[in-house]
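*Asks:* model-v7.txt (compact mmCIF, C-alpha atoms and all ligand atoms) pasted underneath:
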```txt
# COMPACT_ATOMS: atom_id res chain seq x y z
CA MET A 1 26.72 -2.60 -41.40
CA SER A 2 26.23 -3.45 -45.10
CA PRO A 3 23.13 -5.27 -46.28
CA SER A 4 23.88 -8.93 -46.89
CA GLU A 5 24.99 -9.30 -50.52
CA GLU A 6 23.18 -12.61 -50.78
CA HIS A 7 19.83 -11.03 -49.87
CA VAL A 8 20.35 -8.03 -52.12
CA ALA A 9 21.15 -10.48 -54.95
CA GLN A 10 17.93 -12.32 -54.15
CA LEU A 11 16.04 -9.03 -54.54
CA ASP A 12 17.89 -8.25 -57.78
CA ARG A 13 16.85 -11.63 -59.20
CA LEU A 14 13.12 -10.82 -58.91
CA PRO A 15 11.59 -9.95 -62.30
CA ARG A 16 11.02 -6.22 -62.65
CA VAL A 17 9.77 -3.87 -65.36
CA ASN A 18 10.91 -0.28 -65.68
CA LEU A 19 8.18 2.21 -64.75
CA ALA A 20 9.70 4.72 -62.30
CA GLN A 21 12.32 7.43 -62.70
CA LEU A 22 14.84 6.38 -60.06
CA PRO A 23 16.52 7.38 -57.85
CA THR A 24 13.99 9.94 -56.70
CA PRO A 25 15.47 13.13 -55.24
CA LEU A 26 16.25 13.45 -51.54
CA GLU A 27 15.65 17.06 -50.66
CA GLU A 28 16.56 18.73 -47.39
CA ALA A 29 13.77 20.83 -45.84
CA PRO A 30 15.61 23.43 -43.72
CA ARG A 31 12.74 25.93 -43.58
CA LEU A 32 10.38 23.22 -42.33
CA SER A 33 12.92 22.13 -39.67
CA GLU A 34 13.28 25.74 -38.56
CA TYR A 35 9.52 26.30 -38.51
CA LEU A 36 9.04 23.22 -36.32
CA ARG A 37 12.17 23.86 -34.22
CA GLY A 38 12.66 20.19 -34.75
CA PRO A 39 14.96 17.59 -36.29
CA ARG A 40 16.90 17.91 -39.53
CA ILE A 41 14.36 16.77 -42.10
CA TRP A 42 14.85 15.45 -45.62
CA ILE A 43 11.97 14.70 -47.97
CA LYS A 44 12.27 11.60 -50.15
CA ARG A 45 10.43 12.70 -53.28
CA ASP A 46 8.57 9.59 -54.40
CA ASP A 47 5.90 11.99 -55.61
CA LEU A 48 8.40 12.44 -58.47
CA THR A 49 8.57 8.82 -59.67
CA GLY A 50 7.32 10.12 -63.00
CA LEU A 51 4.59 7.60 -63.86
CA ALA A 52 1.16 9.22 -64.35
CA LEU A 53 1.89 12.25 -62.09
CA GLY A 54 4.10 10.20 -59.78
CA GLY A 55 3.74 8.47 -56.44
CA SER A 56 4.87 5.46 -54.48
CA LYS A 57 2.93 2.86 -56.44
CA ALA A 58 5.32 3.01 -59.41
CA ARG A 59 7.93 1.19 -57.33
CA LYS A 60 5.48 -1.54 -56.33
CA LEU A 61 4.11 -1.91 -59.86
CA GLU A 62 7.59 -2.56 -61.26
CA PHE A 63 7.61 -5.89 -59.39
CA LEU A 64 3.87 -6.66 -59.60
CA LEU A 65 3.52 -6.15 -63.34
CA ALA A 66 6.67 -8.17 -63.96
CA GLN A 67 4.83 -11.08 -62.30
CA ALA A 68 1.79 -10.45 -64.50
CA ARG A 69 3.99 -10.46 -67.57
CA ALA A 70 5.89 -13.58 -66.51
CA GLN A 71 2.52 -15.37 -66.11
CA GLY A 72 1.38 -14.25 -69.59
CA CYS A 73 -1.56 -12.23 -68.23
CA ASP A 74 -3.37 -9.76 -70.47
CA VAL A 75 -5.78 -7.97 -68.08
CA ILE A 76 -4.86 -6.29 -64.82
CA ILE A 77 -7.56 -5.98 -62.17
CA THR A 78 -7.12 -3.98 -59.02
CA VAL A 79 -9.20 -2.46 -56.23
CA GLY A 80 -9.19 0.73 -54.21
CA ALA A 81 -11.17 3.73 -53.04
CA VAL A 82 -12.72 6.13 -55.59
CA GLN A 83 -9.69 8.42 -55.15
CA SER A 84 -7.17 5.55 -55.22
CA ASN A 85 -3.70 6.60 -56.34
CA HIS A 86 -2.87 2.95 -56.76
CA ALA A 87 -5.72 2.49 -59.27
CA ARG A 88 -4.61 5.55 -61.29
CA MET A 89 -1.00 4.39 -61.45
CA THR A 90 -1.97 0.77 -62.20
CA ALA A 91 -4.11 1.96 -65.11
CA ALA A 92 -1.23 3.98 -66.57
CA ALA A 93 1.36 1.24 -66.00
CA ALA A 94 -0.89 -1.36 -67.65
CA GLN A 95 -1.29 0.86 -70.72
CA LYS A 96 2.46 1.36 -70.91
CA LEU A 97 2.87 -2.43 -71.09
CA GLY A 98 0.03 -2.85 -73.58
CA LEU A 99 -2.33 -4.51 -71.08
CA ARG A 100 -5.98 -3.85 -70.39
CA SER A 101 -6.89 -2.60 -66.90
CA ILE A 102 -10.05 -2.84 -64.81
CA VAL A 103 -10.28 -0.90 -61.55
CA VAL A 104 -12.95 -1.88 -59.03
CA LEU A 105 -13.47 1.07 -56.70
CA ASN A 106 -15.53 1.34 -53.54
CA GLY A 107 -17.34 4.51 -52.55
CA GLU A 108 -19.91 6.99 -53.78
CA PRO A 109 -19.83 7.79 -57.50
CA PRO A 110 -19.26 11.59 -57.63
CA PRO A 111 -21.48 13.74 -59.89
CA GLN A 112 -18.37 14.59 -61.91
CA ALA A 113 -15.14 12.58 -62.02
CA GLN A 114 -12.24 14.52 -60.46
CA GLY A 115 -8.67 13.80 -59.37
CA ASN A 116 -7.63 10.15 -59.58
CA LEU A 117 -11.01 8.96 -60.87
CA LEU A 118 -10.79 11.32 -63.83
CA LEU A 119 -7.24 10.11 -64.49
CA ASP A 120 -8.30 6.41 -64.30
CA ARG A 121 -10.59 7.13 -67.23
CA ILE A 122 -8.00 9.13 -69.18
CA PHE A 123 -5.53 6.25 -68.71
CA GLY A 124 -8.05 3.93 -70.31
CA ALA A 125 -9.12 1.87 -67.31
CA GLU A 126 -12.52 0.22 -67.24
CA VAL A 127 -13.92 1.68 -64.02
CA ARG A 128 -16.48 -0.13 -61.83
CA ILE A 129 -17.71 1.75 -58.77
CA ILE A 130 -19.30 -0.40 -56.06
CA GLN A 131 -21.19 1.35 -53.26
CA THR A 132 -19.91 -0.63 -50.30
CA ASP A 133 -17.54 -0.27 -47.37
CA ASP A 134 -17.19 -4.01 -47.08
CA ASP A 135 -13.98 -5.45 -48.49
CA TYR A 136 -15.58 -8.90 -48.81
CA VAL A 137 -18.24 -7.48 -51.13
CA LEU A 138 -15.56 -5.80 -53.22
CA MET A 139 -13.40 -8.92 -53.39
CA GLY A 140 -16.51 -10.90 -54.36
CA VAL A 141 -17.00 -8.56 -57.34
CA VAL A 142 -13.34 -9.09 -58.28
CA ALA A 143 -13.65 -12.88 -58.01
CA ASP A 144 -16.75 -12.86 -60.29
CA LEU A 145 -14.97 -10.63 -62.78
CA GLU A 146 -11.95 -12.89 -62.78
CA ARG A 147 -14.09 -15.98 -63.42
CA GLN A 148 -15.93 -14.23 -66.26
CA LEU A 149 -12.69 -13.10 -67.90
CA ARG A 150 -11.23 -16.62 -67.71
CA ARG A 151 -14.45 -18.00 -69.30
CA ASP A 152 -13.91 -15.45 -72.10
CA GLY A 153 -10.39 -16.79 -72.66
CA ARG A 154 -8.57 -13.87 -71.02
CA LYS A 155 -5.76 -14.14 -68.46
CA PRO A 156 -6.43 -11.74 -65.58
CA TYR A 157 -3.87 -10.78 -62.96
CA VAL A 158 -5.28 -9.41 -59.70
CA ILE A 159 -3.26 -6.87 -57.76
CA PRO A 160 -4.36 -6.48 -54.12
CA ARG A 161 -5.42 -3.16 -52.58
CA GLY A 162 -2.53 -0.70 -52.53
CA GLY A 163 -0.31 -3.15 -54.44
CA SER A 164 0.55 -4.52 -51.04
CA ASN A 165 1.93 -8.04 -51.06
CA ALA A 166 5.51 -9.31 -50.96
CA TYR A 167 6.15 -8.47 -54.64
CA GLY A 168 4.83 -4.92 -54.32
CA ALA A 169 6.66 -4.41 -51.05
CA SER A 170 9.93 -5.53 -52.72
CA GLY A 171 9.83 -2.12 -54.41
CA TYR A 172 10.23 -0.57 -50.99
CA VAL A 173 13.05 -2.89 -49.91
CA GLN A 174 14.80 -1.59 -53.04
CA ALA A 175 13.75 1.96 -52.14
CA TRP A 176 15.42 1.65 -48.74
CA LEU A 177 18.71 0.62 -50.44
CA GLU A 178 18.37 3.71 -52.65
CA LEU A 179 17.83 6.01 -49.65
CA ARG A 180 20.70 4.34 -47.77
CA SER A 181 23.13 5.20 -50.62
CA GLN A 182 21.84 8.79 -50.69
CA MET A 183 22.28 9.20 -46.92
CA MET A 184 25.76 7.65 -47.10
CA ALA A 185 26.74 10.08 -49.86
CA LEU A 186 25.62 12.93 -47.55
CA GLY A 187 27.53 11.41 -44.63
CA VAL A 188 24.42 11.61 -42.43
CA ARG A 189 23.31 8.92 -39.96
CA LEU A 190 19.56 8.55 -40.22
CA ASP A 191 17.39 8.00 -37.12
CA ALA A 192 13.89 7.56 -38.54
CA ILE A 193 11.68 7.47 -41.61
CA VAL A 194 8.11 8.79 -41.29
CA HIS A 195 5.52 7.97 -43.95
CA ALA A 196 1.82 7.37 -44.62
CA SER A 197 0.77 3.76 -44.05
CA THR A 198 -2.51 2.04 -44.87
CA SER A 199 -2.37 -1.28 -46.71
CA GLY A 200 1.09 -1.86 -45.29
CA GLY A 201 3.21 -2.50 -48.40
CA THR A 202 5.37 0.60 -48.12
CA GLN A 203 6.04 0.06 -44.42
CA SER A 204 6.75 -3.68 -44.87
CA GLY A 205 9.32 -2.99 -47.57
CA LEU A 206 11.03 -0.18 -45.66
CA TYR A 207 11.03 -2.16 -42.41
CA THR A 208 12.51 -5.21 -44.14
CA GLY A 209 15.10 -3.04 -45.87
CA THR A 210 16.24 -1.43 -42.64
CA LYS A 211 16.50 -4.90 -41.06
CA LEU A 212 18.64 -6.21 -43.94
CA ALA A 213 21.52 -4.16 -42.65
CA ASP A 214 20.40 -3.99 -39.05
CA SER A 215 20.59 -0.24 -39.57
CA GLY A 216 18.82 0.82 -36.37
CA VAL A 217 16.65 3.21 -38.41
CA GLN A 218 13.07 3.36 -37.14
CA VAL A 219 10.29 3.17 -39.71
CA VAL A 220 7.28 5.09 -38.41
CA GLY A 221 3.97 4.56 -40.22
CA ILE A 222 1.21 7.13 -39.82
CA SER A 223 -2.14 5.57 -40.62
CA ALA A 224 -4.37 7.41 -43.07
CA GLY A 225 -7.41 5.41 -42.00
CA PRO A 226 -7.28 1.98 -40.37
CA ARG A 227 -6.68 1.39 -36.67
CA LYS A 228 -3.08 0.84 -35.62
CA GLU A 229 -3.70 -2.88 -34.88
CA VAL A 230 -5.05 -3.38 -38.41
CA VAL A 231 -2.06 -1.73 -40.11
CA THR A 232 0.39 -3.57 -37.82
CA THR A 233 -1.20 -6.94 -38.64
CA ARG A 234 -1.03 -6.15 -42.37
CA VAL A 235 2.64 -5.14 -42.08
CA LEU A 236 3.55 -8.28 -40.12
CA GLY A 237 1.78 -10.47 -42.69
CA ILE A 238 3.56 -8.89 -45.67
CA VAL A 239 6.95 -8.91 -43.92
CA THR A 240 6.47 -12.63 -43.23
CA GLU A 241 5.84 -13.18 -46.97
CA LEU A 242 8.90 -11.05 -47.83
CA VAL A 243 11.09 -13.03 -45.44
CA GLU A 244 10.18 -16.16 -47.42
CA LEU A 245 10.51 -14.54 -50.83
CA LEU A 246 13.98 -13.14 -50.08
CA HIS A 247 15.09 -16.11 -47.90
CA LEU A 248 15.83 -13.87 -44.94
CA PRO A 249 17.17 -15.44 -41.75
CA TRP A 250 14.86 -13.69 -39.25
CA ARG A 251 11.21 -13.18 -38.32
CA PRO A 252 9.49 -9.82 -37.76
CA HIS A 253 8.80 -8.85 -34.17
CA PRO A 254 5.43 -7.14 -33.54
CA ASP A 255 7.08 -4.64 -31.15
CA ASP A 256 9.33 -3.38 -33.97
CA VAL A 257 6.40 -2.27 -36.13
CA ILE A 258 5.64 1.35 -35.24
CA VAL A 259 2.27 2.68 -36.35
CA TYR A 260 0.35 5.74 -35.10
CA ASP A 261 -3.37 6.07 -35.74
CA ASP A 262 -3.72 9.34 -33.81
CA TYR A 263 -3.82 11.47 -36.96
CA VAL A 264 -6.68 9.73 -38.82
CA GLY A 265 -9.47 11.96 -37.49
CA GLU A 266 -13.02 11.02 -38.46
CA ARG A 267 -12.02 8.37 -41.01
CA TYR A 268 -10.06 7.50 -44.16
CA GLY A 269 -10.43 10.09 -46.90
CA VAL A 270 -11.67 12.89 -44.63
CA PRO A 271 -8.91 15.47 -44.07
CA THR A 272 -8.38 16.68 -40.49
CA PRO A 273 -7.68 20.35 -39.63
CA ALA A 274 -4.09 19.27 -38.73
CA CYS A 275 -3.74 17.63 -42.15
CA LEU A 276 -4.93 20.77 -43.96
CA ASP A 277 -2.52 22.86 -41.83
CA ALA A 278 0.34 20.48 -42.62
CA ILE A 279 -0.37 20.82 -46.37
CA ARG A 280 -0.23 24.62 -46.12
CA ILE A 281 2.85 24.66 -43.90
CA LEU A 282 4.93 22.46 -46.24
CA ALA A 283 3.66 24.38 -49.28
CA ARG A 284 4.65 27.69 -47.67
CA THR A 285 8.01 26.65 -46.18
CA GLU A 286 9.40 24.38 -48.91
CA GLY A 287 7.12 24.85 -51.92
CA ILE A 288 6.24 21.14 -51.86
CA LEU A 289 2.68 19.89 -52.27
CA LEU A 290 1.20 17.12 -50.09
CA ASP A 291 -2.17 15.42 -50.53
CA PRO A 292 -5.24 15.53 -48.24
CA VAL A 293 -5.71 11.74 -47.88
CA TYR A 294 -2.28 10.27 -47.07
CA THR A 295 0.76 12.54 -46.97
CA GLY A 296 -1.03 15.49 -45.32
CA LYS A 297 -2.01 13.22 -42.42
CA ALA A 298 1.50 11.72 -42.35
CA MET A 299 3.05 15.20 -42.15
CA ALA A 300 0.56 16.12 -39.40
CA GLY A 301 1.89 12.99 -37.66
CA LEU A 302 5.51 14.08 -38.03
CA MET A 303 4.60 17.54 -36.71
CA GLY A 304 2.71 15.98 -33.78
CA LEU A 305 5.67 13.75 -32.90
CA VAL A 306 8.03 16.75 -32.99
CA ALA A 307 5.64 18.68 -30.71
CA GLN A 308 5.67 15.71 -28.29
CA GLY A 309 9.49 15.74 -28.23
CA ARG A 310 9.73 12.33 -29.91
CA PHE A 311 12.02 13.91 -32.54
CA THR A 312 14.30 16.78 -31.48
CA SER A 313 17.07 18.84 -33.08
CA ALA A 314 19.42 15.94 -32.23
CA HIS A 315 17.66 13.69 -34.79
CA ASN A 316 17.87 13.18 -38.54
CA VAL A 317 14.50 12.26 -40.05
CA VAL A 318 13.34 11.43 -43.57
CA PHE A 319 9.74 12.20 -44.44
CA TRP A 320 8.88 9.84 -47.29
CA HIS A 321 6.59 11.68 -49.71
CA THR A 322 4.50 8.93 -51.29
CA GLY A 323 2.62 11.22 -53.72
CA GLY A 324 -1.16 11.40 -54.03
CA GLN A 325 -1.48 15.01 -55.19
CA PRO A 326 -4.27 14.40 -57.75
CA ALA A 327 -6.63 14.07 -54.75
CA VAL A 328 -6.00 17.77 -53.94
CA PHE A 329 -8.40 18.62 -56.75
CA ALA A 330 -11.08 16.25 -55.47
CA HIS A 331 -10.90 18.02 -52.06
CA ALA A 332 -10.81 21.57 -53.39
CA GLY A 333 -13.64 22.60 -51.02
CA ALA A 334 -11.69 21.68 -47.86
CA LEU A 335 -8.58 23.45 -49.15
CA GLN A 336 -10.24 26.72 -50.24
CA GLU A 337 -9.97 28.56 -46.91
CA GLY A 338 -6.86 29.27 -44.88
C1 LIG A 401 -0.14 8.61 -51.67
C2 LIG A 401 -0.13 7.39 -50.85
N1 LIG A 401 0.62 7.37 -49.75
C3 LIG A 401 0.66 6.28 -48.94
C4 LIG A 401 -0.10 5.16 -49.21
C5 LIG A 401 -0.07 4.03 -48.24
O1 LIG A 401 0.83 3.06 -48.62
P1 LIG A 401 0.54 1.56 -48.28
O2 LIG A 401 -0.76 1.23 -48.90
O3 LIG A 401 1.69 0.83 -48.87
O4 LIG A 401 0.46 1.43 -46.80
C6 LIG A 401 -0.90 5.13 -50.35
C7 LIG A 401 -1.74 3.95 -50.64
O5 LIG A 401 -2.56 3.86 -51.46
C8 LIG A 401 -0.92 6.26 -51.19
O6 LIG A 401 -1.68 6.30 -52.30
```
Will you turn the file into structure tokens for me?
*Replies:*
Amino acid sequence: MSPSEEHVAQLDRLPRVNLAQLPTPLEEAPRLSEYLRGPRIWIKRDDLTGLALGGSKARKLEFLLAQARAQGCDVIITVGAVQSNHARMTAAAAQKLGLRSIVVLNGEPPPQAQGNLLLDRIFGAEVRIIQTDDDYVLMGVVADLERQLRRDGRKPYVIPRGGSNAYGASGYVQAWLELRSQMMALGVRLDAIVHASTSGGTQSGLYTGTKLADSGVQVVGISAGPRKEVVTTRVLGIVTELVELLHLPWRPHPDDVIVYDDYVGERYGVPTPACLDAIRILARTEGILLDPVYTGKAMAGLMGLVAQGRFTSAHNVVFWHTGGQPAVFAHAGALQEG
């Protein structure tokens, strides 16, 4: 079934700036499929979106920064962990549009900036590191900053964690349409998409996209940190916003949102042995690099689901590579051995 033209037109009418190199490649991974004795697997290479070493956030930022521009804002503020890919890509995107960026990061300040944190600085972001695990504390810092900037006559635009609201997620509704055309050109009927999920924007956009055409494709989110209930609630909230933004004639059903939190391990940002194995296996079968925070855990999830028989050689699966590789260098210790 084709996506409703009216709803695609609604998506096309949203303001958007050009930041990503699209379409990203869709690459078959036959040596990985053979290694796993599993489904046919394709990798959707959003690690190659081109902006600031690539990654999924370029798609979200195209819609988010268009909103900032439309509102005449001159400073972009966002939040994330110290190794946030979203912060790195927001900093670069802001510079490209001639805007100032401030990234408010939670976590321990490392003795030497590495990975994404180093890149935040190179891309000219003003970096504030707050030692807290509490999102309310972090959002309080952002609210104070916003008030101060307004007092100084600036016009700040605040992007939520992960770029995950209806505007950011619109990038992934669009991304689904892109994948759909690629699969149609290959003449392959897709069964499932597997990807890393945390703040829920990617999953909300993909889920909404697959619903637009009632495609029957399952969108399977593998949490990189939060409990399954937390990610599911985030996804349902963003899909509800998207339904309004795009005037869609349905409501999300909680049972349709598929999230696994079995591959998180100790916590967000700490790679599991299965994640480190998954990084090495993909590197050594397909020559493709994953990251130790998100996509390594997501690939461990795909491998776990194949081992459980959830995906078999009868299935066609896309693993959506959302990027994140700069964090490899911040986790060099964990990746040394093996
Ligand atoms: C590399 C990477 N993959 C996946 C995700 C998770 O996407 P989302 O926050 O949309 O759930 C992120 C989020 O920051 C990310 O940086």
*Asks:* Between CA of Thr295 in chain A and CA of Pro273 in chain A, what is the spacing in Å?
*Replies:*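 Result for CA of Pro273 in chain A versus CA of Thr295 in chain A: 13.6 Å, one decimal.
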*Asks:* With only C-alpha atoms and all ligand atoms counted, collect every polymer residue having an atom within 6 Å of ligand LIG 401 (chain A); state the result as a ChimeraX atom specification.
*Replies:* /A:85-86,162,164,196-202,294-295,322-324
*Asks:* Could you save those same residues with C-alpha atoms as a CSV table (one decimal), in the frame of the given file?
*Replies:*
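Saved file selection19.csv follows:
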```csv
chain,number,residue,atom,x,y,z
A,85,ASN,CA,-3.7,6.6,-56.3
A,86,HIS,CA,-2.9,3.0,-56.8
A,162,GLY,CA,-2.5,-0.7,-52.5
A,164,SER,CA,0.6,-4.5,-51.0
A,196,ALA,CA,1.8,7.4,-44.6
A,197,SER,CA,0.8,3.8,-44.0
A,198,THR,CA,-2.5,2.0,-44.9
A,199,SER,CA,-2.4,-1.3,-46.7
A,200,GLY,CA,1.1,-1.9,-45.3
A,201,GLY,CA,3.2,-2.5,-48.4
A,202,THR,CA,5.4,0.6,-48.1
A,294,TYR,CA,-2.3,10.3,-47.1
A,295,THR,CA,0.8,12.5,-47.0
A,322,THR,CA,4.5,8.9,-51.3
A,323,GLY,CA,2.6,11.2,-53.7
A,324,GLY,CA,-1.2,11.4,-54.0
```
*Asks:* Need the axis-aligned box for range 133-151 of chain A with 3 Å each side, so what are the centre and edges in Å to one decimal, as JSON?
*Replies:*
```
{"center_x": -14.7, "center_y": -9.1, "center_z": -58.2, "size_x": 13.0, "size_y": 23.7, "size_z": 28.2}
```
*Asks:* For a test of reading the model, state the distance in Å between CA of Asp120 in chain A and CA of Gln71 in chain A, rounded to one decimal.
*Replies:* 24.4 Å
*Asks:* Nearest to Phe319 in chain A among A:Gly338, A:Pro110, A:Gly221, A:Pro254, with distances taken over all atoms listed in the file: which residue is it?
*Replies:*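 With all atoms listed in the file as the atom set, the closest residue is A:Gly221.
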*Asks:* With all atoms listed in the file as the counted atoms, please give the residues lying no more than 9 Å from range 93-109 of chain A, apart from itself and same-chain residues fewer than 6 positions off, as a PyMOL selection string.
*Replies:* chain A and resi 19+51-52+58+61-62+65+69+73-84+87+120+123-135+138+141-142
*Asks:* Separation of CA of Thr232 in chain A and CA of Ile258 in chain A, in Å?
*Replies:*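 These atoms are spaced 7.6 Å apart.
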*Asks:* Fewer than 2 positions away in the same chain doesn't count, so skip those; otherwise give me all residues within 12 Å of Trp42 in chain A, counting only C-alpha atoms, as a ChimeraX atom specification.
*Replies:* /A:25-33,39-40,44-45,179,182-183,186,188,190-194,286,315-321
*Asks:* Taking all atoms listed in the file into account, which of A:Ala283, A:Ala143, A:Gly54, A:Ser2 comes nearest Ser181 in chain A?
*Replies:*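 Ranked by minimum distance to Ser181 in chain A, first place goes to A:Ser2.
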*Asks:* Need to verify the contact set: Gln114 in chain A, 7 Å, all atoms listed in the file, exclusion of same-chain residues closer than 3 positions in sequence. Can you return it as a list in words?
*Replies:* Leu117, Leu118, Phe329 and Ala330 of chain A
*Asks:* Counting all atoms listed in the file, which residues in range 249-270 of chain A sit no more than 12 Å from range 223-227 of chain A? For each one, give the nearest pair of atoms and the distance in Å, sorted by chain then residue number, as CSV.
*Replies:*
```
residue,atom,partner,partner_atom,distance
A:Ile258,CA,A:Ser223,CA,10.4
A:Val259,CA,A:Ser223,CA,6.8
A:Tyr260,CA,A:Ser223,CA,6.1
A:Asp261,CA,A:Ser223,CA,5.1
A:Asp262,CA,A:Ser223,CA,7.9
A:Tyr263,CA,A:Ser223,CA,7.1
A:Val264,CA,A:Ala224,CA,5.4
A:Gly265,CA,A:Gly225,CA,8.2
A:Glu266,CA,A:Gly225,CA,8.7
A:Arg267,CA,A:Gly225,CA,5.6
A:Tyr268,CA,A:Gly225,CA,4.0
A:Gly269,CA,A:Gly225,CA,7.4
A:Val270,CA,A:Gly225,CA,9.0
```
*Asks:* Given the selection you just returned, output its residues as a file containing C-alpha atoms, formatted as a short mmCIF file (atom, residue, chain, number, x, y, z; two decimals), keeping the file's coordinate frame.
*Replies:*
```
data_model
loop_
_atom_site.label_atom_id
_atom_site.label_comp_id
_atom_site.auth_asym_id
_atom_site.auth_seq_id
_atom_site.Cartn_x
_atom_site.Cartn_y
_atom_site.Cartn_z
CA ILE A 258 5.64 1.35 -35.24
CA VAL A 259 2.27 2.68 -36.35
CA TYR A 260 0.35 5.74 -35.10
CA ASP A 261 -3.37 6.07 -35.74
CA ASP A 262 -3.72 9.34 -33.81
CA TYR A 263 -3.82 11.47 -36.96
CA VAL A 264 -6.68 9.73 -38.82
CA GLY A 265 -9.47 11.96 -37.49
CA GLU A 266 -13.02 11.02 -38.46
CA ARG A 267 -12.02 8.37 -41.01
CA TYR A 268 -10.06 7.50 -44.16
CA GLY A 269 -10.43 10.09 -46.90
CA VAL A 270 -11.67 12.89 -44.63
#
```
*Asks:* Fewer than 4 positions away in the same chain doesn't count, so skip those; otherwise give me all residues within 12 Å of Asp214 in chain A, counting all atoms listed in the file, as a PyMOL selection string.
*Replies:* chain A and resi 1-4+207-210+218+250
*Asks:* Next, the residues of the selection above should be written as a short mmCIF file (atom, residue, chain, number, x, y, z; two decimals), in the frame of the given file with C-alpha atoms.
*Replies:*
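Result file is part10.cif:
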```cif
data_model
loop_
_atom_site.label_atom_id
_atom_site.label_comp_id
_atom_site.auth_asym_id
_atom_site.auth_seq_id
_atom_site.Cartn_x
_atom_site.Cartn_y
_atom_site.Cartn_z
CA MET A 1 26.72 -2.60 -41.40
CA SER A 2 26.23 -3.45 -45.10
CA PRO A 3 23.13 -5.27 -46.28
CA SER A 4 23.88 -8.93 -46.89
CA TYR A 207 11.03 -2.16 -42.41
CA THR A 208 12.51 -5.21 -44.14
CA GLY A 209 15.10 -3.04 -45.87
CA THR A 210 16.24 -1.43 -42.64
CA GLN A 218 13.07 3.36 -37.14
CA TRP A 250 14.86 -13.69 -39.25
#
```
*Asks:* Using all atoms listed in the file for the distances, tell me which of A:Gly301, A:Gly287, A:Gly168, A:Pro156 is nearest to Asp144 in chain A.
*Replies:*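 The answer is A:Pro156, which sits nearest to Asp144 in chain A.
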*Asks:* Please supply range 63-67 of chain A, rebuilt with all heavy atoms, as an mmCIF file, in the coordinates of the input.
*Replies:*
```cif
data_model
loop_
_atom_site.group_PDB
_atom_site.id
_atom_site.type_symbol
_atom_site.label_atom_id
_atom_site.label_comp_id
_atom_site.auth_asym_id
_atom_site.auth_seq_id
_atom_site.Cartn_x
_atom_site.Cartn_y
_atom_site.Cartn_z
ATOM 1 N N PHE A 63 7.485 -4.467 -59.749
ATOM 2 C CA PHE A 63 7.610 -5.890 -59.390
ATOM 3 C C PHE A 63 6.303 -6.638 -59.683
ATOM 4 O O PHE A 63 6.321 -7.770 -60.157
ATOM 5 C CB PHE A 63 7.988 -6.031 -57.914
ATOM 6 C CG PHE A 63 9.418 -5.619 -57.649
ATOM 7 C CD1 PHE A 63 9.738 -4.293 -57.391
ATOM 8 C CD2 PHE A 63 10.452 -6.552 -57.695
ATOM 9 C CE1 PHE A 63 11.058 -3.906 -57.166
ATOM 10 C CE2 PHE A 63 11.775 -6.167 -57.469
ATOM 11 C CZ PHE A 63 12.078 -4.838 -57.205
ATOM 12 N N LEU A 64 5.160 -5.986 -59.410
ATOM 13 C CA LEU A 64 3.870 -6.660 -59.600
ATOM 14 C C LEU A 64 3.596 -6.947 -61.077
ATOM 15 O O LEU A 64 3.192 -8.045 -61.452
ATOM 16 C CB LEU A 64 2.747 -5.795 -59.016
ATOM 17 C CG LEU A 64 2.746 -5.707 -57.486
ATOM 18 C CD1 LEU A 64 1.946 -4.497 -57.010
ATOM 19 C CD2 LEU A 64 2.176 -6.997 -56.880
ATOM 20 N N LEU A 65 3.835 -5.944 -61.920
ATOM 21 C CA LEU A 65 3.520 -6.150 -63.340
ATOM 22 C C LEU A 65 4.527 -7.076 -64.005
ATOM 23 O O LEU A 65 4.211 -7.729 -65.001
ATOM 24 C CB LEU A 65 3.399 -4.812 -64.064
ATOM 25 C CG LEU A 65 2.132 -4.027 -63.676
ATOM 26 C CD1 LEU A 65 1.985 -2.777 -64.526
ATOM 27 C CD2 LEU A 65 0.868 -4.863 -63.792
ATOM 28 N N ALA A 66 5.717 -7.177 -63.437
ATOM 29 C CA ALA A 66 6.670 -8.170 -63.960
ATOM 30 C C ALA A 66 6.126 -9.572 -63.713
ATOM 31 O O ALA A 66 6.285 -10.471 -64.554
ATOM 32 C CB ALA A 66 8.029 -7.988 -63.292
ATOM 33 N N GLN A 67 5.454 -9.772 -62.568
ATOM 34 C CA GLN A 67 4.830 -11.080 -62.300
ATOM 35 C C GLN A 67 3.712 -11.339 -63.303
ATOM 36 O O GLN A 67 3.592 -12.430 -63.838
ATOM 37 C CB GLN A 67 4.239 -11.122 -60.877
ATOM 38 C CG GLN A 67 5.263 -11.134 -59.762
ATOM 39 C CD GLN A 67 6.172 -12.347 -59.842
ATOM 40 O OE1 GLN A 67 5.712 -13.480 -59.988
ATOM 41 N NE2 GLN A 67 7.467 -12.123 -59.770
#
```
